[in-house]
Structures are given as structure tokens and as C-alpha cells.
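**Student:** Got a structure for you, data.csv, holding CSV, C-alpha atoms and all ligand atoms.
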chain,number,residue,atom,x,y,z
A,1,MET,CA,33.5,-31.6,34.5
A,2,ASP,CA,35.0,-32.0,38.0
A,3,GLN,CA,35.1,-28.4,39.5
A,4,ARG,CA,38.7,-28.9,40.6
A,5,CYS,CA,39.5,-29.1,36.8
A,6,THR,CA,38.3,-25.5,36.2
A,7,ARG,CA,40.4,-23.7,38.7
A,8,THR,CA,42.0,-20.4,37.7
A,9,SER,CA,45.4,-20.6,35.9
A,10,PRO,CA,48.6,-19.9,37.7
A,11,GLU,CA,50.5,-16.7,37.0
A,12,GLN,CA,52.2,-16.7,33.6
A,13,ASN,CA,55.9,-17.2,33.9
A,14,LEU,CA,58.1,-14.3,32.7
A,15,CYS,CA,61.8,-14.2,32.3
A,16,THR,CA,62.3,-12.5,35.6
A,17,LEU,CA,66.1,-12.3,35.1
A,18,PHE,CA,65.6,-9.7,32.3
A,19,LEU,CA,62.6,-7.8,33.6
A,20,PRO,CA,64.5,-5.5,35.9
A,21,VAL,CA,66.8,-4.6,33.0
A,22,LEU,CA,64.1,-4.1,30.4
A,23,ALA,CA,61.6,-2.2,32.6
A,24,PRO,CA,63.5,1.1,32.8
A,25,LEU,CA,64.3,0.9,29.1
A,26,ALA,CA,60.8,0.1,27.9
A,27,GLY,CA,58.7,2.1,30.3
A,28,THR,CA,55.0,1.1,30.8
A,29,THR,CA,53.1,-1.0,28.3
A,30,SER,CA,51.2,2.0,27.1
A,31,GLU,CA,54.4,3.9,26.4
A,32,CYS,CA,55.6,0.8,24.5
A,33,THR,CA,52.7,1.3,22.1
A,34,VAL,CA,53.7,4.9,21.5
A,35,HIS,CA,57.4,4.1,21.0
A,36,MET,CA,57.1,0.8,19.2
A,37,LYS,CA,59.7,1.5,16.5
A,38,GLN,CA,62.4,2.4,19.0
A,39,LEU,CA,61.3,-0.5,21.3
A,40,PHE,CA,61.9,-3.1,18.5
A,41,LYS,CA,65.7,-2.6,18.9
A,42,VAL,CA,65.5,-3.2,22.6
A,43,ILE,CA,63.2,-6.2,22.2
A,44,SER,CA,65.6,-7.7,19.6
A,45,MET,CA,68.6,-7.3,21.9
A,46,PHE,CA,67.0,-9.0,24.8
A,47,ALA,CA,65.3,-11.7,22.7
A,48,LEU,CA,68.8,-12.5,21.5
A,49,ALA,CA,70.2,-12.5,25.0
A,50,ILE,CA,67.4,-14.9,26.1
A,51,SER,CA,67.9,-17.2,23.2
A,52,LEU,CA,71.7,-17.3,23.8
A,53,PHE,CA,71.8,-17.7,27.6
A,54,GLY,CA,68.5,-19.4,28.2
A,55,CYS,CA,65.9,-18.4,30.8
A,56,ILE,CA,63.6,-21.4,30.8
A,57,ALA,CA,61.7,-22.5,33.9
A,58,ALA,CA,61.4,-26.1,34.8
A,59,PRO,CA,58.2,-27.8,33.6
A,60,ILE,CA,55.1,-27.5,35.8
A,61,ASP,CA,54.8,-30.6,38.0
A,62,LEU,CA,52.0,-33.0,37.1
A,63,THR,CA,49.8,-33.3,40.2
A,64,PRO,CA,47.5,-36.3,40.8
A,65,GLU,CA,44.6,-33.8,40.5
A,66,THR,CA,45.7,-32.6,37.1
A,67,GLU,CA,46.2,-36.2,36.0
A,68,GLN,CA,42.7,-37.0,37.0
A,69,CYS,CA,41.4,-34.0,35.0
A,70,LEU,CA,43.3,-35.1,31.9
A,71,ARG,CA,41.5,-38.4,31.9
A,72,GLU,CA,38.3,-36.5,31.2
A,73,GLN,CA,39.8,-34.8,28.1
A,74,PRO,CA,40.4,-36.2,24.6
A,75,PRO,CA,44.0,-36.4,23.3
A,76,ILE,CA,45.9,-33.5,21.8
A,77,ARG,CA,47.2,-33.3,18.2
A,78,PHE,CA,50.0,-30.9,17.2
A,79,LEU,CA,49.0,-28.3,14.6
A,80,LEU,CA,52.2,-27.1,12.9
A,81,THR,CA,52.5,-23.6,11.6
A,82,PHE,CA,55.4,-21.8,9.9
A,83,ASP,CA,56.0,-18.1,9.6
A,84,ASP,CA,57.9,-15.7,7.4
A,85,GLY,CA,58.6,-17.9,4.4
A,86,PRO,CA,58.9,-19.2,1.8
A,87,SER,CA,62.6,-18.8,1.4
A,88,ALA,CA,63.9,-17.1,-1.8
A,89,SER,CA,67.2,-18.9,-1.5
A,90,SER,CA,68.4,-20.8,-4.5
A,91,TRP,CA,71.0,-22.6,-2.4
A,92,TRP,CA,69.9,-25.3,0.1
A,93,ASN,CA,66.4,-23.7,0.4
A,94,PRO,CA,65.2,-24.1,4.1
A,95,THR,CA,61.5,-24.0,3.1
A,96,ALA,CA,62.0,-26.8,0.6
A,97,THR,CA,63.8,-28.8,3.4
A,98,VAL,CA,60.9,-28.2,5.8
A,99,LEU,CA,58.5,-29.5,3.1
A,100,ASP,CA,60.6,-32.5,2.5
A,101,SER,CA,60.7,-33.3,6.2
A,102,LEU,CA,57.0,-33.0,6.6
A,103,ALA,CA,56.4,-35.3,3.7
A,104,LEU,CA,59.0,-37.8,4.8
A,105,ASN,CA,60.1,-38.5,8.3
A,106,PRO,CA,60.3,-41.5,10.6
A,107,LEU,CA,57.3,-40.4,12.8
A,108,GLN,CA,54.4,-39.7,10.5
A,109,PRO,CA,54.3,-39.4,6.7
A,110,ASP,CA,52.7,-36.5,4.8
A,111,ILE,CA,52.2,-34.1,7.7
A,112,LYS,CA,50.3,-31.0,6.7
A,113,GLY,CA,50.9,-27.5,8.2
A,114,VAL,CA,49.8,-23.9,7.9
A,115,PHE,CA,52.3,-21.6,6.2
A,116,PHE,CA,51.9,-17.9,7.0
A,117,VAL,CA,53.6,-16.5,4.0
A,118,GLN,CA,55.1,-13.1,3.1
A,119,THR,CA,53.7,-12.8,-0.4
A,120,ARG,CA,55.7,-9.8,-1.6
A,121,ALA,CA,58.9,-9.8,0.5
A,122,SER,CA,61.9,-10.1,-1.9
A,123,ARG,CA,63.6,-12.6,0.4
A,124,ALA,CA,60.4,-14.6,0.6
A,125,GLY,CA,57.2,-14.9,-1.6
A,126,GLY,CA,58.1,-11.9,-3.7
A,127,SER,CA,60.8,-13.9,-5.5
A,128,GLU,CA,60.4,-16.5,-8.3
A,129,GLN,CA,61.7,-19.2,-6.0
A,130,GLY,CA,59.2,-18.1,-3.3
A,131,ARG,CA,56.3,-18.2,-5.7
A,132,GLU,CA,57.2,-21.7,-6.8
A,133,LEU,CA,57.4,-22.8,-3.2
A,134,MET,CA,54.0,-21.3,-2.3
A,135,GLY,CA,52.7,-23.3,-5.3
A,136,ARG,CA,54.4,-26.4,-3.9
A,137,GLU,CA,53.0,-25.8,-0.4
A,138,HIS,CA,49.5,-25.7,-1.8
A,139,ALA,CA,50.0,-28.6,-4.1
A,140,GLU,CA,51.2,-30.8,-1.2
A,141,GLY,CA,48.0,-30.1,0.8
A,142,HIS,CA,49.3,-27.5,3.2
A,143,ILE,CA,47.3,-24.3,4.0
A,144,LEU,CA,48.5,-20.9,3.0
A,145,GLY,CA,47.8,-18.2,5.5
A,146,LEU,CA,48.8,-14.5,5.3
A,147,HIS,CA,51.6,-13.0,7.2
A,148,THR,CA,52.6,-9.9,5.2
A,149,ALA,CA,52.2,-8.6,1.7
A,150,THR,CA,54.5,-5.6,2.1
A,151,SER,CA,58.2,-5.6,0.9
A,152,GLY,CA,59.3,-6.3,4.4
A,153,HIS,CA,58.2,-7.8,7.7
A,154,SER,CA,55.9,-4.9,8.6
A,155,ASN,CA,54.1,-4.4,11.8
A,156,HIS,CA,50.5,-3.9,10.7
A,157,ARG,CA,49.8,-1.5,13.6
A,158,LEU,CA,52.4,0.9,12.2
A,159,LEU,CA,50.6,1.0,8.8
A,160,SER,CA,48.0,3.7,8.0
A,161,PRO,CA,44.5,2.5,7.4
A,162,ALA,CA,44.9,2.9,3.7
A,163,GLU,CA,48.2,1.1,3.7
A,164,LEU,CA,46.8,-1.8,5.7
A,165,GLU,CA,43.8,-2.1,3.4
A,166,GLU,CA,46.1,-2.2,0.4
A,167,THR,CA,48.4,-4.8,1.9
A,168,LEU,CA,45.6,-7.1,3.0
A,169,GLY,CA,44.0,-6.8,-0.5
A,170,TYR,CA,47.4,-7.7,-2.1
A,171,GLY,CA,47.9,-10.6,0.2
A,172,ARG,CA,44.5,-12.1,-0.4
A,173,ALA,CA,44.9,-11.7,-4.1
A,174,ASP,CA,48.4,-13.1,-4.1
A,175,ILE,CA,47.4,-16.2,-2.3
A,176,ALA,CA,44.1,-16.6,-4.3
A,177,SER,CA,46.2,-16.6,-7.5
A,178,ILE,CA,48.0,-19.7,-6.2
A,179,THR,CA,45.2,-21.6,-4.3
A,180,GLY,CA,42.1,-20.4,-6.2
A,181,SER,CA,40.6,-18.9,-3.1
A,182,PRO,CA,41.6,-16.1,-0.7
A,183,PRO,CA,43.1,-17.2,2.6
A,184,SER,CA,41.0,-17.4,5.8
A,185,LEU,CA,43.9,-17.3,8.3
A,186,ILE,CA,46.3,-14.5,9.2
A,187,ARG,CA,49.1,-14.3,11.7
A,188,PRO,CA,49.9,-10.7,12.6
A,189,PRO,CA,53.7,-10.0,12.3
A,190,PHE,CA,55.3,-9.7,15.7
A,191,TRP,CA,52.1,-11.1,17.1
A,192,ASN,CA,50.9,-7.5,17.3
A,193,TYR,CA,47.3,-6.5,16.6
A,194,ASP,CA,44.7,-4.1,18.0
A,195,LYS,CA,41.1,-3.2,17.5
A,196,ARG,CA,41.7,-1.4,14.3
A,197,THR,CA,43.9,-4.0,12.6
A,198,PHE,CA,41.7,-6.8,13.9
A,199,ALA,CA,38.6,-5.1,12.4
A,200,ALA,CA,40.5,-4.8,9.1
A,201,TYR,CA,41.3,-8.5,9.1
A,202,GLN,CA,37.6,-9.3,9.7
A,203,ARG,CA,36.6,-7.1,6.7
A,204,HIS,CA,38.9,-9.2,4.6
A,205,GLY,CA,37.6,-12.5,6.0
A,206,LEU,CA,40.9,-13.1,7.8
A,207,HIS,CA,40.9,-14.9,11.2
A,208,VAL,CA,43.8,-14.5,13.6
A,209,LEU,CA,45.6,-17.7,14.6
A,210,LEU,CA,48.0,-17.3,17.5
A,211,THR,CA,50.0,-20.2,19.0
A,212,ASP,CA,50.3,-22.4,22.1
A,213,LEU,CA,54.0,-23.4,21.6
A,214,SER,CA,56.8,-21.6,19.9
A,215,ALA,CA,60.2,-22.8,18.9
A,216,HIS,CA,61.4,-19.2,19.4
A,217,ASP,CA,63.3,-19.6,16.2
A,218,GLY,CA,62.7,-16.2,14.6
A,219,LYS,CA,66.1,-15.3,13.2
A,220,ILE,CA,67.7,-12.5,15.2
A,221,TRP,CA,70.9,-10.8,13.9
A,222,GLY,CA,72.1,-13.9,12.2
A,223,PHE,CA,71.9,-16.2,15.3
A,224,ASN,CA,69.4,-18.9,14.4
A,225,ALA,CA,70.2,-21.9,16.6
A,226,SER,CA,68.1,-23.1,19.5
A,227,PRO,CA,70.4,-24.8,22.0
A,228,ARG,CA,67.7,-25.2,24.6
A,229,ARG,CA,64.9,-26.4,22.3
A,230,ARG,CA,64.0,-29.5,24.3
A,231,ALA,CA,63.7,-27.7,27.6
A,232,ASN,CA,61.8,-24.9,25.9
A,233,MET,CA,59.1,-27.2,24.4
A,234,LEU,CA,58.8,-29.2,27.6
A,235,ARG,CA,58.1,-26.1,29.7
A,236,GLN,CA,55.6,-24.7,27.3
A,237,LEU,CA,53.8,-27.9,26.8
A,238,SER,CA,53.5,-28.3,30.6
A,239,GLU,CA,51.7,-25.0,30.6
A,240,VAL,CA,49.4,-26.1,27.8
A,241,ARG,CA,48.7,-29.3,29.7
A,242,GLU,CA,47.3,-27.3,32.5
A,243,ARG,CA,44.9,-25.5,30.1
A,244,VAL,CA,43.9,-28.9,28.6
A,245,ALA,CA,43.2,-30.3,32.1
A,246,ARG,CA,41.0,-27.3,32.8
A,247,GLY,CA,39.0,-27.9,29.6
A,248,GLU,CA,40.0,-24.5,28.1
A,249,LEU,CA,40.9,-25.7,24.6
A,250,PRO,CA,38.3,-26.7,22.0
A,251,VAL,CA,37.8,-30.2,20.8
A,252,VAL,CA,37.7,-30.6,17.0
A,253,ASP,CA,37.1,-33.9,15.3
A,254,GLY,CA,37.7,-35.8,18.6
A,255,VAL,CA,41.1,-34.2,19.4
A,256,ILE,CA,42.4,-31.0,20.9
A,257,PRO,CA,44.5,-29.0,18.4
A,258,VAL,CA,47.7,-27.6,20.0
A,259,VAL,CA,49.3,-24.9,17.7
A,260,VAL,CA,53.1,-24.9,17.3
A,261,THR,CA,55.0,-22.2,15.6
A,262,PHE,CA,58.3,-22.4,13.7
A,263,HIS,CA,60.0,-20.2,11.1
A,264,ASP,CA,60.8,-21.9,7.8
A,265,LEU,CA,63.3,-19.3,6.8
A,266,ASN,CA,65.5,-20.5,9.7
A,267,ARG,CA,68.0,-22.9,8.3
A,268,TYR,CA,68.6,-24.4,11.8
A,269,THR,CA,64.9,-25.2,12.1
A,270,ALA,CA,64.8,-26.7,8.6
A,271,ARG,CA,67.9,-28.9,9.4
A,272,HIS,CA,66.3,-30.0,12.8
A,273,LEU,CA,62.7,-30.2,11.9
A,274,ARG,CA,62.6,-34.1,12.2
A,275,GLU,CA,64.2,-33.7,15.6
A,276,TYR,CA,61.7,-31.1,16.6
A,277,LEU,CA,58.8,-33.5,15.7
A,278,GLN,CA,60.4,-36.1,18.0
A,279,ILE,CA,60.8,-33.5,20.7
A,280,LEU,CA,57.1,-32.6,20.5
A,281,ILE,CA,56.2,-36.3,20.9
A,282,ASP,CA,58.7,-36.8,23.7
A,283,SER,CA,57.4,-33.7,25.5
A,284,ALA,CA,53.9,-34.9,25.4
A,285,ARG,CA,55.0,-38.2,27.0
A,286,ALA,CA,57.1,-36.4,29.6
A,287,THR,CA,54.4,-33.9,30.6
A,288,GLY,CA,51.7,-36.6,30.8
A,289,VAL,CA,49.3,-35.0,28.3
A,290,ASN,CA,47.5,-37.6,26.1
A,291,LEU,CA,48.6,-37.6,22.5
A,292,ALA,CA,46.4,-38.8,19.6
A,293,PRO,CA,47.7,-41.9,17.7
A,294,LYS,CA,48.3,-39.4,14.8
A,295,ALA,CA,50.4,-36.8,16.6
A,296,PHE,CA,50.2,-34.4,13.7
A,297,TYR,CA,47.6,-33.3,11.2
A,298,ASP,CA,47.8,-35.0,7.8
A,299,ASP,CA,44.5,-34.0,6.3
A,300,HIS,CA,43.9,-30.6,4.8
A,301,ALA,CA,40.2,-30.3,5.7
A,302,GLU,CA,40.8,-31.5,9.3
A,303,LEU,CA,43.7,-29.1,9.6
A,304,GLN,CA,41.5,-26.2,8.3
A,305,ARG,CA,38.7,-27.0,10.8
A,306,ALA,CA,41.2,-27.3,13.7
A,307,ALA,CA,42.9,-24.0,12.8
A,308,MET,CA,39.6,-22.1,12.5
A,309,ALA,CA,38.5,-23.4,15.9
A,310,ARG,CA,41.6,-22.0,17.5
A,311,THR,CA,41.3,-18.5,15.9
A,312,VAL,CA,40.7,-15.4,18.0
A,313,ARG,CA,37.0,-14.5,18.0
A,314,ASP,CA,37.3,-10.9,19.4
A,315,SER,CA,40.2,-8.5,19.6
A,316,SER,CA,39.5,-7.9,23.3
A,317,GLU,CA,39.9,-11.7,24.1
A,318,PRO,CA,42.8,-12.3,26.4
A,319,ALA,CA,45.7,-13.5,24.2
A,320,ALA,CA,48.6,-15.7,25.4
A,321,LEU,CA,51.4,-14.6,23.1
A,322,PRO,CA,54.7,-16.5,23.0
A,323,GLY,CA,57.8,-15.5,24.9
A,324,MET,CA,57.9,-11.9,26.0
A,325,TRP,CA,55.5,-10.6,23.4
A,326,ASN,CA,52.5,-10.5,25.8
A,327,TRP,CA,54.5,-8.5,28.2
A,328,ILE,CA,55.8,-6.2,25.5
A,329,TRP,CA,52.5,-5.3,23.8
A,330,GLY,CA,50.3,-5.6,26.8
A,331,SER,CA,46.6,-6.3,26.7
A,332,ASP,CA,45.8,-2.5,26.8
A,333,SER,CA,46.5,-2.3,23.1
A,334,ARG,CA,43.7,-4.7,22.3
B,1,ZN,ZN,57.0,-13.1,11.2
Please express the file's structure as C-alpha cells.
**Tutor:**
Amino acid sequence: MDQRCTRTSPEQNLCTLFLPVLAPLAGTTSECTVHMKQLFKVISMFALAISLFGCIAAPIDLTPETEQCLREQPPIRFLLTFDDGPSASSWWNPTATVLDSLALNPLQPDIKGVFFVQTRASRAGGSEQGRELMGREHAEGHILGLHTATSGHSNHRLLSPAELEETLGYGRADIASITGSPPSLIRPPFWNYDKRTFAAYQRHGLHVLLTDLSAHDGKIWGFNASPRRRANMLRQLSEVRERVARGELPVVDGVIPVVVTFHDLNRYTARHLREYLQILIDSARATGVNLAPKAFYDDHAELQRAAMARTVRDSSEPAALPGMWNWIWGSDSR
């Protein structure tokens, strides 16, 4: 590859508007680790502020040099993932709406995704409705990955070793009872893992899948809209395009999988999923990244290979977490 295509990446953009406010409240990243529980409240408050008022940088300009580098790379394909579900709601179930939209939409029929489920949460997979939906996800060719198997959305780093072992064992068994085999993918709640939890995942055959793009649609205090969804995706995809141009992302089955994260419990996401699919395609065109003729995965086995290729190999590997999470947890924890 042309050496100009492997230059080091520019500094990650942070929401500098809020950093001066957050810093005195949060302390250093190592203090964050110690005071995680208290910090969650602060994090939620500022995450809400950011989602409400926006703090999105303009997309990175496409330079002729990057354009040249992109010509040496295969096209990208979007690998869709959904966290926190399935919804236990018996009224206008958002997970069911997401599944309907993936199966039938004007862009590509029968899109397959990875659902990182909460198998025992009463508002998710711990309900009768939730169990039915996990069965539907599997029957329709999607992949079930593990998110939590506790009664709530627990941070695995706050669980004792015994509790973590127990919950991972439950999660594997819960999913195996639906799909016939234990899951191979896990997404740590709050994107938070360390050497200890990563080693536990490995003992259970679970591989960590992070994300390249995030809809930032985790529901916070009842506010679940995403008024700046188009600008958000555009900015993030321009960052991914730079990594693609530098040849940093693996090629699987002739394409570069780009992982996208949504939350299927979010009714706004469910209502707008078809629009989100269009936004992803439009963002690819606008940023100049090559998009495969099939923009989304529609084959279970291909999806599995692509997801596995994007998993974290080692807990000390640098991780690009979405939004402010990288800054909050810091790399020292890993
Ligand atoms: Zn989650």
C-alpha cells in the first residue's frame, strides 16, 4: 500500500464544550474507575445534555490523498447491531418493529443483524414477550449475542468474580436454549471491560464486539429522540473513512464490515429505522467511502464471519468506544 495511506490518525474529537464542566466533577480517569457508580449519574446528565443540544463536529474533509487511498480498498458493508432488547412491551413493541423494518424496507430485503440481548431483565428477555422475540430473532436469521443476564443493565466490572461467572453462565445457557448453541459474541454493558472481565468472557468463549458508528440512542431519562441523527452519522462515518483509507479495518468476504449500533428498546429508533438505513447509505455517498452493492448483511454465516473478524483480540488493544465512553473509562482500565 502507498505509505501515505498509513499515516497516523488525527486526534479523536471530543465534545470540548462539555469537557471543562465534566473534568472537575469526574476527576482523572483512574478516579473514574474507583467512583464508577457515582460517576454514572454525572455521565447520564451530560450524555442527555449532549443529545439535547448537540455537539457534533463537521465531517472530516475528503482530501485527494485519502480519495486515492480509498481506491486501493474494497467497499464497506454496514454490520447492524442492536443492544438492550428485546422489548417486553405488549403494546407497539419496538423490537418487533425493528425486525419488521429489517425484513421489509425499500433499500434491501431481509437484512440480518446482531442482537445483544438482556436475557433475564424483566423489561427485556426475562419476559414472556422477550423470550418470544429472541426466538423470532433467531428464526429470522439474526445472531443473538450476550449483553446481560442479570435482572438489570449491570456493569460487569462492578460484579464480583463469582457474580460475573454466574451471569455469563446464565446468559450462555439462556441463548443456547433458543438457538441450540451458546453465543460467541458479547457486548459489555456501558462498553466497559477490563482485564478481569475480558478474561472471564474468554473462558466462556465470548468475543467482545465494539462499534464503529453509534446512533447514540440509548434511552436516557425518557428522552429517546435523536434530532441530529444525520449529522451524527456523517461525522462518525467520515472518521471511519479515514481508517478505511489507512487500511486499518479487516476485509472479510471481499468487503470491509463497518459496525453500527442501535438500541431496539428505543421506540424512536424503531420508528425511524428505515430512515436510519437511508441515512447510512447517504452518509457513505457524502463521505466518499465505497459502499458494497449490498449495503447491509443479509446472510447469517457471512454476518457471523464479519462480526468475529471485528472482535477485540486482547483486552489491552486500543479501543475506540463511541461518544464520550473512551474518555470516561480511559485506557488505563484495560
Ligand atoms: Zn446496553
**Student:** All residues within 12 Å of ligand ZN 1 (chain B) are required, counting all atoms listed in the file; please report them as a VMD selection string.
**Tutor:** chain A and resid 81 to 86 115 to 118 121 124 145 to 149 152 to 156 186 to 192 210 216 to 220 261 to 266
**Student:** Please determine, counting all atoms listed in the file, which residue among A:Gly113, A:Gly130, A:Gly254, A:Gly169 has the shortest atom-to-atom distance to A:Arg203.
**Tutor:**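 The answer is A:Gly169, which sits nearest to A:Arg203.
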**Student:** Would you write out, as JSON lines, a table of all residues in stretch 137-221 of chain A that have an atom no more than 12 Å from an atom of stretch 238-242 of chain A, listing for each the closest atom pair and the distance in Å to one decimal, considering all atoms listed in the file and ordering rows by chain and rising residue number?
**Tutor:**
{"residue": "A:Thr211", "atom": "CA", "partner": "A:Val240", "partner_atom": "CA", "distance": 10.6}
{"residue": "A:Asp212", "atom": "CA", "partner": "A:Val240", "partner_atom": "CA", "distance": 6.9}
{"residue": "A:Leu213", "atom": "CA", "partner": "A:Val240", "partner_atom": "CA", "distance": 8.2}
{"residue": "A:Ser214", "atom": "CA", "partner": "A:Val240", "partner_atom": "CA", "distance": 11.7}
**Student:** Go ahead and find all residues with at least one atom no further than 10 Å from (39.1, -13.4, 19.1) in the file's coordinates, using all atoms listed in the file; report them as an mmCIF file with C-alpha atoms, in the frame of the given file.
**Tutor:**
data_model
loop_
_atom_site.group_PDB
_atom_site.id
_atom_site.type_symbol
_atom_site.label_atom_id
_atom_site.label_comp_id
_atom_site.auth_asym_id
_atom_site.auth_seq_id
_atom_site.Cartn_x
_atom_site.Cartn_y
_atom_site.Cartn_z
ATOM 1 C CA PHE A 198 41.700 -6.800 13.900
ATOM 2 C CA HIS A 207 40.900 -14.900 11.200
ATOM 3 C CA VAL A 208 43.800 -14.500 13.600
ATOM 4 C CA LEU A 209 45.600 -17.700 14.600
ATOM 5 C CA LEU A 210 48.000 -17.300 17.500
ATOM 6 C CA ARG A 310 41.600 -22.000 17.500
ATOM 7 C CA THR A 311 41.300 -18.500 15.900
ATOM 8 C CA VAL A 312 40.700 -15.400 18.000
ATOM 9 C CA ARG A 313 37.000 -14.500 18.000
ATOM 10 C CA ASP A 314 37.300 -10.900 19.400
ATOM 11 C CA SER A 315 40.200 -8.500 19.600
ATOM 12 C CA SER A 316 39.500 -7.900 23.300
ATOM 13 C CA GLU A 317 39.900 -11.700 24.100
ATOM 14 C CA PRO A 318 42.800 -12.300 26.400
ATOM 15 C CA ALA A 319 45.700 -13.500 24.200
#
**Student:** What's the 9 Å shell around stretch 267-274 of chain A, counting all atoms listed in the file, without same-chain residues fewer than 3 positions away, as a PyMOL selection string?
**Tutor:** chain A and resi 92-99+101-102+105-107+215+217+224-226+262-264+277-279
**Student:** Hey, can you pull every residue with an atom no more than 10 Å from (50.2, -35.0, 12.3), using only C-alpha atoms, and send it as a ChimeraX atom specification?
**Tutor:** /A:77-80,102,107-113,277,292-299,303
**Student:** One number please: atom CA of A:Leu237 to atom CA of A:Leu104, in Å, one decimal.
**Tutor:**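 Result for atom CA of A:Leu237 versus atom CA of A:Leu104: 24.7 Å, one decimal.
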**Student:** As a ChimeraX atom specification, please: the residues near A:Val289 (cut-off 8 Å, all atoms listed in the file, same-chain neighbours under 6 positions excluded).
**Tutor:** /A:70,75-76,241
**Student:** With distances taken over only C-alpha atoms, which of A:Met233, A:Arg71, A:Met308, A:Pro257 is nearest to A:Ala286?
**Tutor:**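 The answer is A:Met233, which sits nearest to A:Ala286.
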**Student:** Extract, using all atoms listed in the file, all DNA, RNA and protein residues at most 8 Å from A:Ala309, discarding same-chain residues fewer than 3 positions from it, and format them as an NGL selection string.
**Tutor:** :A and (250 or 252 or 305-306)
**Student:** Name the closest residue to A:Ser181 among the candidates A:Arg196, A:Glu275, A:Leu144, A:Leu158; distances are taken between atoms, counting only C-alpha atoms.
**Tutor:**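 With only C-alpha atoms as the atom set, the closest residue is A:Leu144.
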**Student:** If I take atom CA of A:Pro182 and atom CA of A:Arg123, how far is one from the other in Å, to one decimal?
**Tutor:** 22.3 Å
**Student:** To one decimal place in Å, what is the distance between atom CA of A:Ile56 and atom CA of A:Gln236?
**Tutor:**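 Interatomic distance here is 9.3 Å.
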**Student:** From the set A:Ile175, A:Thr197, A:Ser90, A:Ala57, which residue has the shortest atom-to-atom contact distance to A:Arg228, counting all atoms listed in the file?
**Tutor:**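 Smallest separation from A:Arg228 among the options: A:Ala57.
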**Student:** Excluding same-chain residues fewer than 2 positions from A:Ala245, what lies within 10 Å of it counting only C-alpha atoms, as a PyMOL selection string?
**Tutor:** chain A and resi 4-7+65-74+240-243+247-249+289
